[in-house]
Amino acid sequence: MKVQWVSGKSATGQTLKVGATSGSYNVKVTATSKTYTASDLCEKPATNWGFKSPGLLFSAVVGSLKAGTKYYYVYGSDDGGWSTETYFLGPSSSATRTVNFIALADLGFTGKRSSWLRDPSDTTTVERIISKTPQNDFVLMGGDHAYARGYLFYWDLYMDSLSPSATRIPWMTAIGNHEYGWA
């Protein structure tokens with residue numbers, strides 16, 4: 001399982017801690033980090049006034065997971081602090097088990113330009129995804145995620161809204177035409 005997170009803190013000591021018992025983490029994986037700058041993006045406004053530094057993007061992979069086991073995890077560091085504990089389930093033990101997933105595209109987390117508030121339809125869809133997360137194995141997202149159109153803070157709003165689902169089950173995503181010109 002790959003866990004990713006963002007932090008404005010130093011890369012020193014960023015770690016993923018995982019265990020099969022809440023509050024007890026017997027596996028520790030040192031995270032790797034990346035970032036990007038405005039010059040890595042394609043066009044305005046993402047390359048100038050629409051740019052917001054993402055901080056450091058951390059990634060850690062934990063393997064050898066036991067089938068059907070609930071794994072609790074936290075990420076962070078002693079210096080920068082630790083996340084709230086959450087969990088995910090190890091892979092299924094049955095090759096013939098039915099796989100359940102949520103499939104969608106064009107979520108279009110748009111917001112209203114004049115007030116920077118989310119569109120109510122965005123919230124309704126996100127709430128439905130979150131409510132269905134426990135019954136599903138993963139989310140397949142076909143693209144056109146945030147409709148950020150070069151405004152990087154929209155990605156923060158979008159990812160924050162999805163975190164109750166994305167911290168528990170994998171999300172497989174594809175780039176859509178609304179991300180294409182900005183990535």
# chains A, B, ... in the order shown; residues from 1 in each chain; ligands from 1

$ residues_around --residues "A:Val139" --least-positions-apart "6" --cutoff "12 Å" --atoms "only C-alpha atoms" --output "ChimeraX atom specification"
/A:99-105,126,129-130,132-133,162,165-174

$ select_by_dssp --residues "stretch 63-151 of chain A" --states "alpha helix (DSSP H)" --output "list in words"
Pro120, Ser121, Asp122, Thr123, Thr124, Thr125, Val126, Glu127, Arg128, Ile129, Ile130, Ser131 and Lys132 of chain A

$ closest_atom_pairs --of "stretch 121-166 of chain A" --to "stretch 36-60 of chain A" --cutoff "8 Å" --atoms "only C-alpha atoms" --output "Markdown table"
| residue | atom | partner | partner_atom | distance |
| --- | --- | --- | --- | --- |
| A:Arg149 | CA | A:Ala46 | CA | 7.8 |
| A:Gly150 | CA | A:Ala46 | CA | 4.1 |
| A:Tyr151 | CA | A:Gly50 | CA | 4.6 |
| A:Leu152 | CA | A:Lys52 | CA | 5.7 |
| A:Phe153 | CA | A:Lys52 | CA | 6.5 |

$ residues_around --residues "A:Leu89" --least-positions-apart "4" --cutoff "7 Å" --atoms "only C-alpha atoms" --output "list in words"
Gly68, Thr69, Lys70 and Tyr71 of chain A

$ write_last_selection --atoms "all heavy atoms" --output "PDB file, in the first residue's frame"
ATOM      1  N   GLY A  68      -7.128  -9.264   4.415  1.00  0.00           N
ATOM      2  CA  GLY A  68      -8.264  -8.976   5.272  1.00  0.00           C
ATOM      3  C   GLY A  68      -7.948  -8.315   6.600  1.00  0.00           C
ATOM      4  O   GLY A  68      -8.849  -8.067   7.389  1.00  0.00           O
ATOM      5  N   THR A  69      -6.688  -8.015   6.878  1.00  0.00           N
ATOM      6  CA  THR A  69      -6.296  -7.412   8.154  1.00  0.00           C
ATOM      7  C   THR A  69      -6.530  -5.917   8.123  1.00  0.00           C
ATOM      8  O   THR A  69      -6.239  -5.258   7.128  1.00  0.00           O
ATOM      9  CB  THR A  69      -4.805  -7.697   8.450  1.00  0.00           C
ATOM     10  OG1 THR A  69      -4.625  -9.111   8.517  1.00  0.00           O
ATOM     11  CG2 THR A  69      -4.352  -7.058   9.745  1.00  0.00           C
ATOM     12  N   LYS A  70      -7.057  -5.359   9.208  1.00  0.00           N
ATOM     13  CA  LYS A  70      -7.203  -3.918   9.335  1.00  0.00           C
ATOM     14  C   LYS A  70      -5.867  -3.367   9.833  1.00  0.00           C
ATOM     15  O   LYS A  70      -5.365  -3.798  10.868  1.00  0.00           O
ATOM     16  CB  LYS A  70      -8.315  -3.559  10.310  1.00  0.00           C
ATOM     17  CG  LYS A  70      -8.566  -2.055  10.422  1.00  0.00           C
ATOM     18  CD  LYS A  70      -9.606  -1.709  11.470  1.00  0.00           C
ATOM     19  CE  LYS A  70     -10.969  -1.629  10.860  1.00  0.00           C
ATOM     20  NZ  LYS A  70     -11.974  -1.060  11.798  1.00  0.00           N
ATOM     21  N   TYR A  71      -5.302  -2.441   9.077  1.00  0.00           N
ATOM     22  CA  TYR A  71      -4.026  -1.807   9.433  1.00  0.00           C
ATOM     23  C   TYR A  71      -4.272  -0.356   9.821  1.00  0.00           C
ATOM     24  O   TYR A  71      -4.899   0.404   9.077  1.00  0.00           O
ATOM     25  CB  TYR A  71      -3.047  -1.853   8.258  1.00  0.00           C
ATOM     26  CG  TYR A  71      -2.530  -3.234   7.996  1.00  0.00           C
ATOM     27  CD1 TYR A  71      -3.108  -4.044   7.032  1.00  0.00           C
ATOM     28  CD2 TYR A  71      -1.458  -3.740   8.735  1.00  0.00           C
ATOM     29  CE1 TYR A  71      -2.642  -5.320   6.797  1.00  0.00           C
ATOM     30  CE2 TYR A  71      -0.993  -5.019   8.507  1.00  0.00           C
ATOM     31  CZ  TYR A  71      -1.591  -5.800   7.537  1.00  0.00           C
ATOM     32  OH  TYR A  71      -1.127  -7.072   7.312  1.00  0.00           O
TER      33      TYR A  71
END

$ residues_around --residues "stretch 82-84 of chain A" --least-positions-apart "2" --cutoff "10 Å" --atoms "only C-alpha atoms" --output "list of chain:residue names"
A:Trp5, A:Gln14, A:Thr15, A:Leu16, A:Lys17, A:Tyr73, A:Val74, A:Tyr75, A:Gly76, A:Ser77, A:Asp78, A:Asp79, A:Gly80, A:Thr86

$ select_by_dssp --residues "chain A" --states "strand (DSSP E or B)" --output "JSON list (two decimals) with C-alpha atoms, in the first residue's frame"
[["chain", "number", "residue", "atom", "x", "y", "z"],
["A", 2, "LYS", "CA", 1.35, 3.41, -0.95],
["A", 3, "VAL", "CA", 0.55, 6.30, 1.38],
["A", 4, "GLN", "CA", 1.15, 9.88, 0.28],
["A", 5, "TRP", "CA", 0.92, 13.14, 2.19],
["A", 6, "VAL", "CA", 1.92, 16.78, 1.98],
["A", 7, "SER", "CA", 3.80, 18.76, 4.59],
["A", 15, "THR", "CA", 7.86, 8.34, 8.39],
["A", 16, "LEU", "CA", 4.85, 6.09, 7.85],
["A", 17, "LYS", "CA", 4.06, 3.96, 10.91],
["A", 18, "VAL", "CA", 1.72, 0.96, 10.48],
["A", 19, "GLY", "CA", 0.36, -1.73, 12.79],
["A", 21, "THR", "CA", -3.47, -2.77, 16.55],
["A", 24, "SER", "CA", 0.77, 0.19, 18.16],
["A", 27, "VAL", "CA", 6.29, -1.25, 10.86],
["A", 28, "LYS", "CA", 8.10, 2.01, 10.15],
["A", 29, "VAL", "CA", 8.88, 3.16, 6.60],
["A", 30, "THR", "CA", 11.03, 6.22, 5.89],
["A", 32, "THR", "CA", 10.80, 9.91, 0.19],
["A", 33, "SER", "CA", 9.94, 13.46, -0.86],
["A", 34, "LYS", "CA", 9.45, 15.51, -4.00],
["A", 56, "LEU", "CA", 6.91, 18.70, 0.29],
["A", 57, "LEU", "CA", 5.09, 15.71, -1.21],
["A", 58, "PHE", "CA", 5.90, 12.55, 0.76],
["A", 59, "SER", "CA", 5.44, 8.93, -0.23],
["A", 60, "ALA", "CA", 5.98, 5.64, 1.60],
["A", 61, "VAL", "CA", 5.16, 2.07, 0.59],
["A", 70, "LYS", "CA", -7.20, -3.92, 9.33],
["A", 71, "TYR", "CA", -4.03, -1.81, 9.43],
["A", 72, "TYR", "CA", -3.84, 1.38, 11.47],
["A", 73, "TYR", "CA", -1.41, 4.08, 10.42],
["A", 74, "VAL", "CA", -0.02, 7.53, 11.10],
["A", 75, "TYR", "CA", 2.49, 9.58, 9.16],
["A", 76, "GLY", "CA", 4.72, 12.54, 9.95],
["A", 77, "SER", "CA", 7.69, 13.07, 12.24],
["A", 81, "GLY", "CA", 4.03, 16.18, 14.40],
["A", 82, "TRP", "CA", 1.98, 13.13, 13.47],
["A", 86, "THR", "CA", -6.66, 6.15, 10.32],
["A", 87, "TYR", "CA", -6.82, 2.67, 8.79],
["A", 88, "PHE", "CA", -7.08, 0.58, 5.64],
["A", 89, "LEU", "CA", -7.78, -3.10, 4.98],
["A", 101, "PHE", "CA", -15.68, -0.13, -6.49],
["A", 102, "ILE", "CA", -16.90, 3.39, -7.13],
["A", 103, "ALA", "CA", -16.38, 4.68, -10.68],
["A", 104, "LEU", "CA", -16.81, 8.30, -11.65],
["A", 112, "LYS", "CA", -17.90, 29.66, -7.30],
["A", 117, "LEU", "CA", -17.23, 28.44, -2.12],
["A", 138, "PHE", "CA", -11.28, 1.26, -4.37],
["A", 139, "VAL", "CA", -12.33, 4.34, -6.35],
["A", 140, "LEU", "CA", -11.73, 4.63, -10.10],
["A", 141, "MET", "CA", -11.68, 8.30, -11.07],
["A", 171, "TRP", "CA", -7.96, 5.86, -5.53],
["A", 172, "MET", "CA", -6.88, 5.06, -9.09],
["A", 173, "THR", "CA", -6.96, 8.26, -11.12]]

$ closest_residue --among "A:Tyr154, A:Glu179, A:Ser161, A:Tyr147" --to "A:Thr125" --atoms "only C-alpha atoms"
A:Ser161

$ atom_distance --atom1 "atom CA of A:Glu85" --atom2 "atom CA of A:Ala31"
17.0 Å

$ decode --residues "stretch 151-168 of chain A" --atoms "N, CA and C atoms" --output "mmCIF file, in the first residue's frame"
data_model
loop_
_atom_site.group_PDB
_atom_site.id
_atom_site.type_symbol
_atom_site.label_atom_id
_atom_site.label_comp_id
_atom_site.auth_asym_id
_atom_site.auth_seq_id
_atom_site.Cartn_x
_atom_site.Cartn_y
_atom_site.Cartn_z
ATOM 1 N N TYR A 151 -5.309 27.110 -10.706
ATOM 2 C CA TYR A 151 -5.308 27.665 -9.352
ATOM 3 C C TYR A 151 -5.019 26.525 -8.382
ATOM 4 N N LEU A 152 -3.788 26.449 -7.916
ATOM 5 C CA LEU A 152 -3.343 25.277 -7.174
ATOM 6 C C LEU A 152 -4.021 25.102 -5.827
ATOM 7 N N PHE A 153 -4.531 26.175 -5.220
ATOM 8 C CA PHE A 153 -5.202 26.008 -3.929
ATOM 9 C C PHE A 153 -6.477 25.176 -4.063
ATOM 10 N N TYR A 154 -7.061 25.130 -5.278
ATOM 11 C CA TYR A 154 -8.230 24.279 -5.485
ATOM 12 C C TYR A 154 -7.897 22.811 -5.221
ATOM 13 N N TRP A 155 -6.668 22.402 -5.548
ATOM 14 C CA TRP A 155 -6.269 21.017 -5.281
ATOM 15 C C TRP A 155 -6.279 20.745 -3.783
ATOM 16 N N ASP A 156 -5.871 21.721 -2.979
ATOM 17 C CA ASP A 156 -5.922 21.545 -1.525
ATOM 18 C C ASP A 156 -7.361 21.341 -1.060
ATOM 19 N N LEU A 157 -8.274 22.180 -1.541
ATOM 20 C CA LEU A 157 -9.685 22.040 -1.164
ATOM 21 C C LEU A 157 -10.237 20.685 -1.596
ATOM 22 N N TYR A 158 -9.915 20.314 -2.825
ATOM 23 C CA TYR A 158 -10.389 19.049 -3.381
ATOM 24 C C TYR A 158 -9.878 17.864 -2.569
ATOM 25 N N MET A 159 -8.577 17.803 -2.342
ATOM 26 C CA MET A 159 -7.995 16.672 -1.617
ATOM 27 C C MET A 159 -8.479 16.618 -0.165
ATOM 28 N N ASP A 160 -8.606 17.773 0.475
ATOM 29 C CA ASP A 160 -9.143 17.793 1.839
ATOM 30 C C ASP A 160 -10.548 17.219 1.876
ATOM 31 N N SER A 161 -11.375 17.550 0.886
ATOM 32 C CA SER A 161 -12.755 17.059 0.889
ATOM 33 C C SER A 161 -12.822 15.546 0.702
ATOM 34 N N LEU A 162 -11.850 14.970 -0.025
ATOM 35 C CA LEU A 162 -11.858 13.532 -0.296
ATOM 36 C C LEU A 162 -11.113 12.700 0.748
ATOM 37 N N SER A 163 -10.392 13.337 1.647
ATOM 38 C CA SER A 163 -9.531 12.584 2.574
ATOM 39 C C SER A 163 -10.273 11.534 3.407
ATOM 40 N N PRO A 164 -11.536 11.730 3.812
ATOM 41 C CA PRO A 164 -12.193 10.644 4.549
ATOM 42 C C PRO A 164 -12.304 9.340 3.752
ATOM 43 N N SER A 165 -12.321 9.425 2.435
ATOM 44 C CA SER A 165 -12.326 8.228 1.596
ATOM 45 C C SER A 165 -10.908 7.821 1.208
ATOM 46 N N ALA A 166 -10.122 8.789 0.738
ATOM 47 C CA ALA A 166 -8.791 8.491 0.188
ATOM 48 C C ALA A 166 -7.790 8.007 1.237
ATOM 49 N N THR A 167 -8.066 8.211 2.506
ATOM 50 C CA THR A 167 -7.174 7.670 3.543
ATOM 51 C C THR A 167 -7.520 6.227 3.898
ATOM 52 N N ARG A 168 -8.630 5.714 3.377
ATOM 53 C CA ARG A 168 -9.075 4.364 3.739
ATOM 54 C C ARG A 168 -9.036 3.361 2.596
#
